[in-house]
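The next block is run29.csv, given as CSV, N, CA and C atoms.
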chain,number,residue,atom,x,y,z
S,4,MET,N,108.8,60.4,98.8
S,4,MET,CA,109.9,60.9,98.0
S,4,MET,C,111.2,60.1,98.4
S,5,SER,N,111.9,59.5,97.5
S,5,SER,CA,113.1,58.8,97.7
S,5,SER,C,114.3,59.7,98.0
S,6,ARG,N,115.2,59.2,98.8
S,6,ARG,CA,116.4,60.0,99.1
S,6,ARG,C,117.3,60.0,98.0
S,7,PHE,N,118.0,61.1,97.8
S,7,PHE,CA,119.0,61.3,96.7
S,7,PHE,C,120.2,60.4,96.9
S,8,ALA,N,120.6,59.7,95.9
S,8,ALA,CA,121.8,58.8,96.0
S,8,ALA,C,123.1,59.7,95.8
S,9,ILE,N,124.0,59.7,96.8
S,9,ILE,CA,125.2,60.4,96.7
S,9,ILE,C,126.1,59.9,95.5
S,10,MET,N,126.1,58.6,95.4
S,10,MET,CA,126.9,58.0,94.3
S,10,MET,C,126.2,56.8,93.8
S,11,ASN,N,126.7,56.2,92.7
S,11,ASN,CA,126.1,55.0,92.2
S,11,ASN,C,127.2,53.9,92.0
S,12,LEU,N,126.8,52.7,91.9
S,12,LEU,CA,127.7,51.6,91.7
S,12,LEU,C,127.3,50.9,90.3
S,13,THR,N,128.4,50.5,89.6
S,13,THR,CA,128.1,49.7,88.4
S,13,THR,C,127.8,48.3,88.8
S,14,GLU,N,127.4,47.5,87.9
S,14,GLU,CA,127.1,46.1,88.2
S,14,GLU,C,128.4,45.4,88.6
S,15,ALA,N,129.6,45.7,88.0
S,15,ALA,CA,130.8,45.1,88.3
S,15,ALA,C,131.3,45.5,89.7
S,16,ALA,N,131.1,46.8,90.1
S,16,ALA,CA,131.4,47.2,91.5
S,16,ALA,C,130.5,46.5,92.5
S,17,ALA,N,129.2,46.4,92.2
S,17,ALA,CA,128.3,45.8,93.2
S,17,ALA,C,128.7,44.3,93.4
S,18,GLY,N,129.1,43.7,92.3
S,18,GLY,CA,129.5,42.3,92.4
S,18,GLY,C,130.7,42.1,93.2
S,19,ARG,N,131.7,43.0,93.0
S,19,ARG,CA,132.9,42.9,93.8
S,19,ARG,C,132.7,43.2,95.3
S,20,VAL,N,131.8,44.2,95.6
S,20,VAL,CA,131.5,44.5,97.0
S,20,VAL,C,130.9,43.3,97.6
S,21,ARG,N,129.9,42.6,96.9
S,21,ARG,CA,129.3,41.4,97.5
S,21,ARG,C,130.3,40.3,97.8
S,22,GLU,N,131.3,40.1,96.8
S,22,GLU,CA,132.3,39.1,97.0
S,22,GLU,C,133.1,39.4,98.2
S,23,ILE,N,133.5,40.7,98.4
S,23,ILE,CA,134.4,41.0,99.6
S,23,ILE,C,133.6,40.8,100.9
S,24,VAL,N,132.3,41.2,100.9
S,24,VAL,CA,131.5,41.0,102.1
S,24,VAL,C,131.4,39.5,102.4
S,25,GLU,N,131.1,38.7,101.4
S,25,GLU,CA,130.9,37.2,101.6
S,25,GLU,C,132.2,36.6,102.1
S,26,THR,N,133.3,37.0,101.5
S,26,THR,CA,134.6,36.4,101.9
S,26,THR,C,135.0,36.8,103.3
S,27,ARG,N,134.6,38.0,103.7
S,27,ARG,CA,134.9,38.4,105.1
S,27,ARG,C,133.9,37.8,106.1
S,28,GLY,N,132.9,37.1,105.6
S,28,GLY,CA,131.8,36.6,106.5
S,28,GLY,C,131.0,37.6,107.1
S,29,GLY,N,130.8,38.7,106.4
S,29,GLY,CA,130.0,39.8,106.9
S,29,GLY,C,128.6,39.5,107.3
S,30,ALA,N,128.1,40.1,108.3
S,30,ALA,CA,126.7,39.9,108.7
S,30,ALA,C,125.8,40.7,107.8
S,31,ASP,N,124.5,40.4,107.9
S,31,ASP,CA,123.5,41.2,107.1
S,31,ASP,C,123.7,42.6,107.4
S,32,GLY,N,123.7,43.4,106.3
S,32,GLY,CA,123.9,44.9,106.5
S,32,GLY,C,125.4,45.3,106.3
S,33,ALA,N,126.3,44.3,106.2
S,33,ALA,CA,127.7,44.7,106.0
S,33,ALA,C,128.0,45.2,104.6
S,34,GLY,N,129.0,46.0,104.5
S,34,GLY,CA,129.4,46.5,103.2
S,34,GLY,C,130.8,47.1,103.2
S,35,LEU,N,131.0,48.1,102.4
S,35,LEU,CA,132.3,48.8,102.3
S,35,LEU,C,132.0,50.3,102.7
S,36,ARG,N,132.9,50.9,103.4
S,36,ARG,CA,132.9,52.3,103.8
S,36,ARG,C,133.8,53.0,102.8
S,37,ILE,N,133.3,54.0,102.1
S,37,ILE,CA,134.0,54.8,101.2
S,37,ILE,C,134.2,56.2,101.8
S,38,GLY,N,135.4,56.8,101.7
S,38,GLY,CA,135.7,58.1,102.1
S,38,GLY,C,136.8,58.7,101.4
S,39,VAL,N,137.2,59.9,101.8
S,39,VAL,CA,138.4,60.5,101.2
S,39,VAL,C,139.2,61.1,102.4
S,40,LYS,N,140.5,61.2,102.1
S,40,LYS,CA,141.4,61.7,103.2
S,40,LYS,C,142.5,62.5,102.4
S,41,ARG,N,143.1,63.4,103.2
S,41,ARG,CA,144.2,64.2,102.6
S,41,ARG,C,145.4,63.2,102.5
S,42,GLY,N,146.2,63.4,101.4
S,42,GLY,CA,147.4,62.5,101.2
S,42,GLY,C,147.7,62.4,99.7
S,43,GLY,N,148.8,61.8,99.5
S,43,GLY,CA,149.3,61.6,98.1
S,43,GLY,C,149.8,62.9,97.5
S,44,CYS,N,150.4,62.7,96.3
S,44,CYS,CA,151.0,63.9,95.7
S,44,CYS,C,150.0,64.8,95.1
S,45,ALA,N,148.7,64.3,94.8
S,45,ALA,CA,147.7,65.2,94.2
S,45,ALA,C,146.8,65.9,95.3
S,46,GLY,N,147.0,65.4,96.6
S,46,GLY,CA,146.3,66.1,97.6
S,46,GLY,C,145.3,65.3,98.4
S,47,MET,N,144.6,64.3,97.7
S,47,MET,CA,143.6,63.5,98.4
S,47,MET,C,143.6,62.1,97.9
S,48,GLU,N,143.1,61.2,98.7
S,48,GLU,CA,143.1,59.8,98.4
S,48,GLU,C,141.7,59.2,98.7
S,49,TYR,N,141.2,58.3,97.9
S,49,TYR,CA,140.0,57.6,98.3
S,49,TYR,C,140.3,56.5,99.3
S,50,THR,N,139.4,56.3,100.3
S,50,THR,CA,139.6,55.3,101.3
S,50,THR,C,138.5,54.3,101.1
S,51,ILE,N,138.8,53.0,101.3
S,51,ILE,CA,137.9,51.9,101.3
S,51,ILE,C,138.2,51.0,102.4
S,52,GLU,N,137.2,50.6,103.2
S,52,GLU,CA,137.4,49.7,104.3
S,52,GLU,C,136.1,48.9,104.5
S,53,PHE,N,136.3,47.7,105.1
S,53,PHE,CA,135.1,46.8,105.4
S,53,PHE,C,134.3,47.5,106.5
S,54,ALA,N,133.0,47.3,106.5
S,54,ALA,CA,132.2,47.9,107.6
S,54,ALA,C,131.1,46.9,107.9
S,55,ASP,N,130.8,46.7,109.2
S,55,ASP,CA,129.7,45.8,109.6
S,55,ASP,C,128.4,46.4,109.4
S,56,GLY,N,128.3,47.7,109.2
S,56,GLY,CA,127.1,48.4,109.0
S,56,GLY,C,127.4,49.9,109.0
S,57,PRO,N,126.3,50.7,108.8
S,57,PRO,CA,126.6,52.2,108.7
S,57,PRO,C,126.8,52.8,110.1
S,58,SER,N,127.6,53.8,110.1
S,58,SER,CA,127.9,54.6,111.3
S,58,SER,C,126.9,55.8,111.3
S,59,ALA,N,126.7,56.4,112.4
S,59,ALA,CA,125.8,57.5,112.5
S,59,ALA,C,126.1,58.6,111.4
S,60,GLY,N,125.1,59.0,110.7
S,60,GLY,CA,125.2,60.1,109.7
S,60,GLY,C,125.7,59.7,108.4
S,61,GLU,N,126.0,58.4,108.2
S,61,GLU,CA,126.4,57.9,106.9
S,61,GLU,C,125.3,57.7,105.9
S,62,ASP,N,125.6,58.0,104.6
S,62,ASP,CA,124.6,57.6,103.6
S,62,ASP,C,124.9,56.2,103.1
S,63,VAL,N,123.8,55.5,102.8
S,63,VAL,CA,123.9,54.1,102.3
S,63,VAL,C,123.6,54.0,100.9
S,64,VAL,N,124.5,53.5,100.1
S,64,VAL,CA,124.2,53.3,98.6
S,64,VAL,C,124.1,51.8,98.4
S,65,GLU,N,123.0,51.4,97.8
S,65,GLU,CA,122.7,49.9,97.6
S,65,GLU,C,122.5,49.6,96.1
S,66,LYS,N,123.0,48.5,95.7
S,66,LYS,CA,122.7,48.0,94.4
S,66,LYS,C,122.8,46.5,94.4
S,67,ASP,N,121.8,45.8,94.0
S,67,ASP,CA,121.8,44.4,93.8
S,67,ASP,C,122.4,43.7,95.1
S,68,GLY,N,122.0,44.1,96.3
S,68,GLY,CA,122.4,43.5,97.5
S,68,GLY,C,123.8,44.0,98.0
S,69,ALA,N,124.5,44.8,97.3
S,69,ALA,CA,125.8,45.3,97.7
S,69,ALA,C,125.5,46.7,98.4
S,70,ARG,N,126.2,46.9,99.5
S,70,ARG,CA,126.1,48.1,100.3
S,70,ARG,C,127.4,48.9,100.4
S,71,VAL,N,127.3,50.2,100.2
S,71,VAL,CA,128.5,51.1,100.3
S,71,VAL,C,128.0,52.2,101.2
S,72,PHE,N,128.8,52.4,102.3
S,72,PHE,CA,128.5,53.5,103.2
S,72,PHE,C,129.4,54.7,102.9
S,73,VAL,N,128.8,55.9,102.8
S,73,VAL,CA,129.6,57.1,102.5
S,73,VAL,C,129.7,57.9,103.7
S,74,SER,N,131.0,58.1,104.2
S,74,SER,CA,131.2,58.9,105.4
S,74,SER,C,130.8,60.4,105.1
S,75,PRO,N,130.1,61.0,106.1
S,75,PRO,CA,129.6,62.3,106.0
S,75,PRO,C,130.5,63.4,105.5
S,76,GLU,N,131.8,63.3,105.9
S,76,GLU,CA,132.8,64.3,105.5
S,76,GLU,C,133.2,64.1,104.0
S,77,ALA,N,132.8,63.0,103.4
S,77,ALA,CA,133.2,62.8,102.0
S,77,ALA,C,132.1,63.1,101.0
S,78,VAL,N,130.9,63.3,101.5
S,78,VAL,CA,129.7,63.5,100.7
S,78,VAL,C,129.9,64.5,99.6
S,79,LEU,N,130.4,65.7,99.9
S,79,LEU,CA,130.5,66.8,98.9
S,79,LEU,C,131.6,66.5,97.9
S,80,PHE,N,132.6,65.6,98.3
S,80,PHE,CA,133.6,65.3,97.3
S,80,PHE,C,133.2,64.1,96.4
S,81,LEU,N,132.2,63.3,96.9
S,81,LEU,CA,131.8,62.1,96.1
S,81,LEU,C,130.4,62.3,95.4
S,82,LEU,N,129.8,63.4,95.5
S,82,LEU,CA,128.5,63.7,94.9
S,82,LEU,C,128.6,63.4,93.4
S,83,GLY,N,127.7,62.5,92.9
S,83,GLY,CA,127.7,62.3,91.4
S,83,GLY,C,128.7,61.2,91.0
S,84,THR,N,129.5,60.6,91.9
S,84,THR,CA,130.5,59.7,91.5
S,84,THR,C,129.9,58.3,91.1
S,85,VAL,N,130.5,57.7,90.2
S,85,VAL,CA,130.1,56.3,89.8
S,85,VAL,C,131.3,55.4,90.2
S,86,MET,N,131.1,54.5,91.1
S,86,MET,CA,132.1,53.5,91.5
S,86,MET,C,132.0,52.3,90.6
S,87,ASP,N,133.2,52.0,90.0
S,87,ASP,CA,133.2,50.8,89.1
S,87,ASP,C,134.3,49.9,89.6
S,88,PHE,N,134.4,48.7,89.0
S,88,PHE,CA,135.5,47.7,89.3
S,88,PHE,C,136.0,47.3,88.0
S,89,GLU,N,137.3,47.4,87.8
S,89,GLU,CA,137.9,46.9,86.5
S,89,GLU,C,139.1,46.0,86.7
S,90,VAL,N,139.2,45.1,85.8
S,90,VAL,CA,140.3,44.2,85.7
S,90,VAL,C,141.1,44.5,84.4
S,91,SER,N,142.3,44.9,84.5
S,91,SER,CA,143.1,45.1,83.3
S,91,SER,C,144.5,44.4,83.5
S,92,VAL,N,145.3,44.5,82.5
S,92,VAL,CA,146.6,43.9,82.5
S,92,VAL,C,147.5,44.4,83.6
S,93,LEU,N,147.4,45.7,83.9
S,93,LEU,CA,148.3,46.3,84.9
S,93,LEU,C,147.6,46.6,86.2
S,94,ARG,N,146.3,46.6,86.3
S,94,ARG,CA,145.6,46.9,87.5
S,94,ARG,C,144.3,46.3,87.7
S,95,THR,N,144.0,45.9,88.9
S,95,THR,CA,142.7,45.4,89.2
S,95,THR,C,142.2,46.1,90.5
S,96,GLY,N,141.0,46.7,90.4
S,96,GLY,CA,140.5,47.4,91.6
S,96,GLY,C,139.3,48.3,91.3
S,97,PHE,N,138.9,49.0,92.3
S,97,PHE,CA,137.8,49.9,92.2
S,97,PHE,C,138.3,51.2,91.5
S,98,VAL,N,137.4,51.8,90.7
S,98,VAL,CA,137.7,53.0,90.0
S,98,VAL,C,136.6,54.0,90.3
S,99,PHE,N,136.9,55.2,90.5
S,99,PHE,CA,135.9,56.2,90.8
S,99,PHE,C,135.8,57.2,89.7
S,100,ASN,N,134.7,57.2,89.0
S,100,ASN,CA,134.5,58.2,87.9
S,100,ASN,C,133.8,59.4,88.6
S,101,ASN,N,134.5,60.4,89.0
S,101,ASN,CA,134.1,61.4,89.9
S,101,ASN,C,134.1,62.8,89.2
S,102,PRO,N,132.9,63.4,89.0
S,102,PRO,CA,132.8,64.7,88.3
S,102,PRO,C,133.5,65.8,89.1
S,103,ASN,N,133.8,65.6,90.4
S,103,ASN,CA,134.5,66.6,91.3
S,103,ASN,C,136.0,66.4,91.2
S,104,GLN,N,136.5,65.5,90.5
S,104,GLN,CA,138.0,65.3,90.4
S,104,GLN,C,138.5,66.3,89.3
S,105,THR,N,139.5,67.1,89.7
S,105,THR,CA,140.1,68.0,88.8
S,105,THR,C,141.4,67.6,88.2
S,106,SER,N,142.1,66.7,88.9
S,106,SER,CA,143.3,66.1,88.4
S,106,SER,C,143.7,64.9,89.2
S,107,ALA,N,144.7,64.1,88.7
S,107,ALA,CA,145.2,63.0,89.4
S,107,ALA,C,146.7,62.9,89.2
S,108,CYS,N,147.4,62.2,90.2
S,108,CYS,CA,148.8,62.1,90.0
S,108,CYS,C,149.1,61.0,89.0
S,109,GLY,N,150.3,61.0,88.5
S,109,GLY,CA,150.7,60.0,87.5
S,109,GLY,C,150.6,58.6,87.9
S,110,CYS,N,150.7,58.2,89.1
S,110,CYS,CA,150.6,56.8,89.5
S,110,CYS,C,149.2,56.4,89.7
S,111,GLY,N,148.3,57.4,89.8
S,111,GLY,CA,146.8,57.1,89.9
S,111,GLY,C,146.4,56.8,91.3
S,112,GLU,N,147.2,57.0,92.3
S,112,GLU,CA,146.9,56.7,93.7
S,112,GLU,C,146.2,57.9,94.4
S,113,SER,N,146.4,59.1,93.9
S,113,SER,CA,145.8,60.2,94.6
S,113,SER,C,145.2,61.2,93.6
S,114,VAL,N,144.3,62.0,94.0
S,114,VAL,CA,143.5,62.8,93.2
S,114,VAL,C,143.4,64.2,93.8
S,115,GLU,N,143.0,65.2,92.9
S,115,GLU,CA,142.7,66.5,93.4
S,115,GLU,C,141.1,66.6,93.3
S,116,LEU,N,140.5,66.9,94.4
S,116,LEU,CA,139.0,67.0,94.3
S,116,LEU,C,138.6,68.3,94.8
S,117,ARG,N,137.5,68.8,94.2
S,117,ARG,CA,136.8,70.0,94.7
S,117,ARG,C,135.5,69.6,95.2
S,118,PRO,N,135.0,70.3,96.3
S,118,PRO,CA,133.7,69.9,96.8
S,118,PRO,C,132.6,70.3,95.8
S,119,ALA,N,131.6,69.5,95.7
S,119,ALA,CA,130.4,69.8,94.8
S,119,ALA,C,129.7,71.0,95.4
S,120,ASP,N,128.9,71.6,94.6
S,120,ASP,CA,128.1,72.7,95.0
S,120,ASP,C,127.0,72.2,96.0
S,121,ARG,N,126.9,72.8,97.2
S,121,ARG,CA,125.9,72.4,98.2
S,121,ARG,C,124.5,72.6,97.7
S,122,SER,N,124.3,73.5,96.7
S,122,SER,CA,122.9,73.7,96.3
S,122,SER,C,122.4,72.4,95.5
S,123,LEU,N,123.3,71.6,95.0
S,123,LEU,CA,122.8,70.4,94.3
S,123,LEU,C,122.2,69.4,95.4
S,124,LEU,N,122.8,69.4,96.6
S,124,LEU,CA,122.2,68.6,97.6
S,124,LEU,C,120.9,69.1,98.1
S,125,GLU,N,120.8,70.4,98.2
S,125,GLU,CA,119.6,71.0,98.7
S,125,GLU,C,118.5,70.8,97.7
S,126,GLN,N,118.8,70.9,96.4
S,126,GLN,CA,117.8,70.7,95.3
S,126,GLN,C,117.3,69.3,95.3
S,127,ALA,N,118.2,68.4,95.6
S,127,ALA,CA,117.8,67.0,95.6
S,127,ALA,C,117.1,66.5,96.9
S,128,GLY,N,117.0,67.4,97.9
S,128,GLY,CA,116.4,67.0,99.1
S,128,GLY,C,117.2,66.2,100.0
S,129,ALA,N,118.5,66.2,99.8
S,129,ALA,CA,119.4,65.4,100.6
S,129,ALA,C,119.8,66.1,101.9
Show the structure stored in the file as structure tokens.
Amino acid sequence: MSRFAIMNLTEAAAGRVREIVETRGGADGAGLRIGVKRGGCAGMEYTIEFADGPSAGEDVVEKDGARVFVSPEAVLFLLGTVMDFEVSVLRTGFVFNNPNQTSACGCGESVELRPADRSLLEQAGA
């Protein structure tokens, strides 16, 4: 039985994660660590940082050779999220299409998130 994926990556996001890891000269197993923290006018912010590998208890999301590590404290806030990468006239960066997001601030830097129902994790065997 395969492990339930906490979140998914689009092809664009996977491509950008690979580029970042290659530019940083990351070793095999390197990727980006995704989390959430309290902050911003809407209450929470997504965090993204380079990681040489997973830390204890982290979930690993992989697509086409790109790796994203999800910190354990962020799992319930990121369950079902699709991470994308977009380039537009005004902004270039990762975008999180998160079903647990209830609102966002006007500048788009912070969000209000509610934790996903734990029963979804239990049903998926996570």
Residue with smallest distance to Ala33 of chain S - pool S:Asp55, S:Glu48, S:Asp67, S:Glu14, counting all atoms listed in the file
S:Asp55
Separation of atom N of Val63 of chain S and atom N of Leu12 of chain S, in Å?
11.6 Å
Can you pull out every residue within 7 Å of Asn11 of chain S, counting only C-alpha atoms, but drop anything in the same chain fewer than 4 positions away, and send it as a PyMOL selection string?
chain S and resi 64+84-86
Apply DSSP to the structure's backbone, then extract all residues of segment 49-95 of chain S labelled strand (DSSP E) and return them as a PDB file with N, CA and C atoms, keeping the file's coordinate frame.
ATOM      1  N   TYR S  49     141.200  58.300  97.900  1.00  0.00           N
ATOM      2  CA  TYR S  49     140.000  57.600  98.300  1.00  0.00           C
ATOM      3  C   TYR S  49     140.300  56.500  99.300  1.00  0.00           C
ATOM      4  N   THR S  50     139.400  56.300 100.300  1.00  0.00           N
ATOM      5  CA  THR S  50     139.600  55.300 101.300  1.00  0.00           C
ATOM      6  C   THR S  50     138.500  54.300 101.100  1.00  0.00           C
ATOM      7  N   ILE S  51     138.800  53.000 101.300  1.00  0.00           N
ATOM      8  CA  ILE S  51     137.900  51.900 101.300  1.00  0.00           C
ATOM      9  C   ILE S  51     138.200  51.000 102.400  1.00  0.00           C
ATOM     10  N   GLU S  52     137.200  50.600 103.200  1.00  0.00           N
ATOM     11  CA  GLU S  52     137.400  49.700 104.300  1.00  0.00           C
ATOM     12  C   GLU S  52     136.100  48.900 104.500  1.00  0.00           C
ATOM     13  N   PHE S  53     136.300  47.700 105.100  1.00  0.00           N
ATOM     14  CA  PHE S  53     135.100  46.800 105.400  1.00  0.00           C
ATOM     15  C   PHE S  53     134.300  47.500 106.500  1.00  0.00           C
ATOM     16  N   ALA S  54     133.000  47.300 106.500  1.00  0.00           N
ATOM     17  CA  ALA S  54     132.200  47.900 107.600  1.00  0.00           C
ATOM     18  C   ALA S  54     131.100  46.900 107.900  1.00  0.00           C
ATOM     19  N   ASP S  62     125.600  58.000 104.600  1.00  0.00           N
ATOM     20  CA  ASP S  62     124.600  57.600 103.600  1.00  0.00           C
ATOM     21  C   ASP S  62     124.900  56.200 103.100  1.00  0.00           C
ATOM     22  N   VAL S  63     123.800  55.500 102.800  1.00  0.00           N
ATOM     23  CA  VAL S  63     123.900  54.100 102.300  1.00  0.00           C
ATOM     24  C   VAL S  63     123.600  54.000 100.900  1.00  0.00           C
ATOM     25  N   VAL S  64     124.500  53.500 100.100  1.00  0.00           N
ATOM     26  CA  VAL S  64     124.200  53.300  98.600  1.00  0.00           C
ATOM     27  C   VAL S  64     124.100  51.800  98.400  1.00  0.00           C
ATOM     28  N   GLU S  65     123.000  51.400  97.800  1.00  0.00           N
ATOM     29  CA  GLU S  65     122.700  49.900  97.600  1.00  0.00           C
ATOM     30  C   GLU S  65     122.500  49.600  96.100  1.00  0.00           C
ATOM     31  N   LYS S  66     123.000  48.500  95.700  1.00  0.00           N
ATOM     32  CA  LYS S  66     122.700  48.000  94.400  1.00  0.00           C
ATOM     33  C   LYS S  66     122.800  46.500  94.400  1.00  0.00           C
ATOM     34  N   ALA S  69     124.500  44.800  97.300  1.00  0.00           N
ATOM     35  CA  ALA S  69     125.800  45.300  97.700  1.00  0.00           C
ATOM     36  C   ALA S  69     125.500  46.700  98.400  1.00  0.00           C
ATOM     37  N   ARG S  70     126.200  46.900  99.500  1.00  0.00           N
ATOM     38  CA  ARG S  70     126.100  48.100 100.300  1.00  0.00           C
ATOM     39  C   ARG S  70     127.400  48.900 100.400  1.00  0.00           C
ATOM     40  N   VAL S  71     127.300  50.200 100.200  1.00  0.00           N
ATOM     41  CA  VAL S  71     128.500  51.100 100.300  1.00  0.00           C
ATOM     42  C   VAL S  71     128.000  52.200 101.200  1.00  0.00           C
ATOM     43  N   PHE S  72     128.800  52.400 102.300  1.00  0.00           N
ATOM     44  CA  PHE S  72     128.500  53.500 103.200  1.00  0.00           C
ATOM     45  C   PHE S  72     129.400  54.700 102.900  1.00  0.00           C
ATOM     46  N   VAL S  73     128.800  55.900 102.800  1.00  0.00           N
ATOM     47  CA  VAL S  73     129.600  57.100 102.500  1.00  0.00           C
ATOM     48  C   VAL S  73     129.700  57.900 103.700  1.00  0.00           C
ATOM     49  N   THR S  84     129.500  60.600  91.900  1.00  0.00           N
ATOM     50  CA  THR S  84     130.500  59.700  91.500  1.00  0.00           C
ATOM     51  C   THR S  84     129.900  58.300  91.100  1.00  0.00           C
ATOM     52  N   VAL S  85     130.500  57.700  90.200  1.00  0.00           N
ATOM     53  CA  VAL S  85     130.100  56.300  89.800  1.00  0.00           C
ATOM     54  C   VAL S  85     131.300  55.400  90.200  1.00  0.00           C
ATOM     55  N   MET S  86     131.100  54.500  91.100  1.00  0.00           N
ATOM     56  CA  MET S  86     132.100  53.500  91.500  1.00  0.00           C
ATOM     57  C   MET S  86     132.000  52.300  90.600  1.00  0.00           C
ATOM     58  N   ASP S  87     133.200  52.000  90.000  1.00  0.00           N
ATOM     59  CA  ASP S  87     133.200  50.800  89.100  1.00  0.00           C
ATOM     60  C   ASP S  87     134.300  49.900  89.600  1.00  0.00           C
ATOM     61  N   PHE S  88     134.400  48.700  89.000  1.00  0.00           N
ATOM     62  CA  PHE S  88     135.500  47.700  89.300  1.00  0.00           C
ATOM     63  C   PHE S  88     136.000  47.300  88.000  1.00  0.00           C
ATOM     64  N   GLU S  89     137.300  47.400  87.800  1.00  0.00           N
ATOM     65  CA  GLU S  89     137.900  46.900  86.500  1.00  0.00           C
ATOM     66  C   GLU S  89     139.100  46.000  86.700  1.00  0.00           C
ATOM     67  N   VAL S  90     139.200  45.100  85.800  1.00  0.00           N
ATOM     68  CA  VAL S  90     140.300  44.200  85.700  1.00  0.00           C
ATOM     69  C   VAL S  90     141.100  44.500  84.400  1.00  0.00           C
ATOM     70  N   THR S  95     144.000  45.900  88.900  1.00  0.00           N
ATOM     71  CA  THR S  95     142.700  45.400  89.200  1.00  0.00           C
ATOM     72  C   THR S  95     142.200  46.100  90.500  1.00  0.00           C
TER      73      THR S  95
END
Using Å and a single decimal, report how far atom CA of Ile37 of chain S sits from atom CA of Ile51 of chain S.
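Separation between atom CA of Ile51 of chain S and atom CA of Ile37 of chain S: 4.9 Å.
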Please determine, counting all atoms listed in the file, which residue among S:Ala77, S:Ala16, S:Gly42, S:Gly32 has the shortest atom-to-atom distance to Val98 of chain S.
S:Ala16
Between atom CA of Gly28 of chain S and atom CA of Val73 of chain S, what is the distance in Å, rounded to a tenth?
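Interatomic distance here is 21.0 Å.
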Extract the full set of helix (DSSP H, G or I) residues from segment 9-81 of chain S according to DSSP on the backbone, and format it as a PyMOL selection string.
chain S and resi 14-27+75-81
Determine the nearest neighbour of Thr50 of chain S from the options S:Met10, S:Ile23, S:Leu81, S:Val90, counting only C-alpha atoms.
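Smallest distance to Thr50 of chain S is found for S:Leu81.
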Using all atoms listed in the file, which residues sit within 5 Å of Leu35 of chain S once same-chain residues fewer than 2 positions away are excluded, as a PyMOL selection string?
chain S and resi 33+37+52-54+70-72
If we count only C-alpha atoms and set the cut-off at 8 Å, which residues sit around Ala69 of chain S, ignoring sequence neighbours fewer than 4 positions away in its own chain? Please answer as a list in words.
Ala17, Gly18, Val20, Arg21, Gly34 and Glu65 of chain S
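Take the candidates S:Arg36, S:Arg41, S:Arg27, S:Lys66 and check each one against Thr13 of chain S using only C-alpha atoms; the shortest distance goes to S:Lys66.
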Is it possible to add N, CA, C and O atoms to segment 95-106 of chain S and hand it back as a PDB file, in the coordinates of the input?
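See rebuild.pdb below for the written result:
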ATOM      1  N   THR S  95     144.000  45.900  88.900  1.00  0.00           N
ATOM      2  CA  THR S  95     142.700  45.400  89.200  1.00  0.00           C
ATOM      3  C   THR S  95     142.200  46.100  90.500  1.00  0.00           C
ATOM      4  O   THR S  95     142.915  46.201  91.471  1.00  0.00           O
ATOM      5  N   GLY S  96     141.000  46.700  90.400  1.00  0.00           N
ATOM      6  CA  GLY S  96     140.500  47.400  91.600  1.00  0.00           C
ATOM      7  C   GLY S  96     139.300  48.300  91.300  1.00  0.00           C
ATOM      8  O   GLY S  96     138.864  48.409  90.136  1.00  0.00           O
ATOM      9  N   PHE S  97     138.900  49.000  92.300  1.00  0.00           N
ATOM     10  CA  PHE S  97     137.800  49.900  92.200  1.00  0.00           C
ATOM     11  C   PHE S  97     138.300  51.200  91.500  1.00  0.00           C
ATOM     12  O   PHE S  97     139.430  51.645  91.709  1.00  0.00           O
ATOM     13  N   VAL S  98     137.400  51.800  90.700  1.00  0.00           N
ATOM     14  CA  VAL S  98     137.700  53.000  90.000  1.00  0.00           C
ATOM     15  C   VAL S  98     136.600  54.000  90.300  1.00  0.00           C
ATOM     16  O   VAL S  98     135.404  53.563  90.277  1.00  0.00           O
ATOM     17  N   PHE S  99     136.900  55.200  90.500  1.00  0.00           N
ATOM     18  CA  PHE S  99     135.900  56.200  90.800  1.00  0.00           C
ATOM     19  C   PHE S  99     135.800  57.200  89.700  1.00  0.00           C
ATOM     20  O   PHE S  99     136.808  57.935  89.429  1.00  0.00           O
ATOM     21  N   ASN S 100     134.700  57.200  89.000  1.00  0.00           N
ATOM     22  CA  ASN S 100     134.500  58.200  87.900  1.00  0.00           C
ATOM     23  C   ASN S 100     133.800  59.400  88.600  1.00  0.00           C
ATOM     24  O   ASN S 100     132.538  59.336  88.788  1.00  0.00           O
ATOM     25  N   ASN S 101     134.500  60.400  89.000  1.00  0.00           N
ATOM     26  CA  ASN S 101     134.100  61.400  89.900  1.00  0.00           C
ATOM     27  C   ASN S 101     134.100  62.800  89.200  1.00  0.00           C
ATOM     28  O   ASN S 101     135.134  63.263  88.755  1.00  0.00           O
ATOM     29  N   PRO S 102     132.900  63.400  89.000  1.00  0.00           N
ATOM     30  CA  PRO S 102     132.800  64.700  88.300  1.00  0.00           C
ATOM     31  C   PRO S 102     133.500  65.800  89.100  1.00  0.00           C
ATOM     32  O   PRO S 102     133.756  66.897  88.602  1.00  0.00           O
ATOM     33  N   ASN S 103     133.800  65.600  90.400  1.00  0.00           N
ATOM     34  CA  ASN S 103     134.500  66.600  91.300  1.00  0.00           C
ATOM     35  C   ASN S 103     136.000  66.400  91.200  1.00  0.00           C
ATOM     36  O   ASN S 103     136.685  67.217  91.890  1.00  0.00           O
ATOM     37  N   GLN S 104     136.500  65.500  90.500  1.00  0.00           N
ATOM     38  CA  GLN S 104     138.000  65.300  90.400  1.00  0.00           C
ATOM     39  C   GLN S 104     138.500  66.300  89.300  1.00  0.00           C
ATOM     40  O   GLN S 104     138.047  66.301  88.188  1.00  0.00           O
ATOM     41  N   THR S 105     139.500  67.100  89.700  1.00  0.00           N
ATOM     42  CA  THR S 105     140.100  68.000  88.800  1.00  0.00           C
ATOM     43  C   THR S 105     141.400  67.600  88.200  1.00  0.00           C
ATOM     44  O   THR S 105     141.790  68.047  87.150  1.00  0.00           O
ATOM     45  N   SER S 106     142.100  66.700  88.900  1.00  0.00           N
ATOM     46  CA  SER S 106     143.300  66.100  88.400  1.00  0.00           C
ATOM     47  C   SER S 106     143.700  64.900  89.200  1.00  0.00           C
ATOM     48  O   SER S 106     143.080  64.588  90.202  1.00  0.00           O
TER      49      SER S 106
END
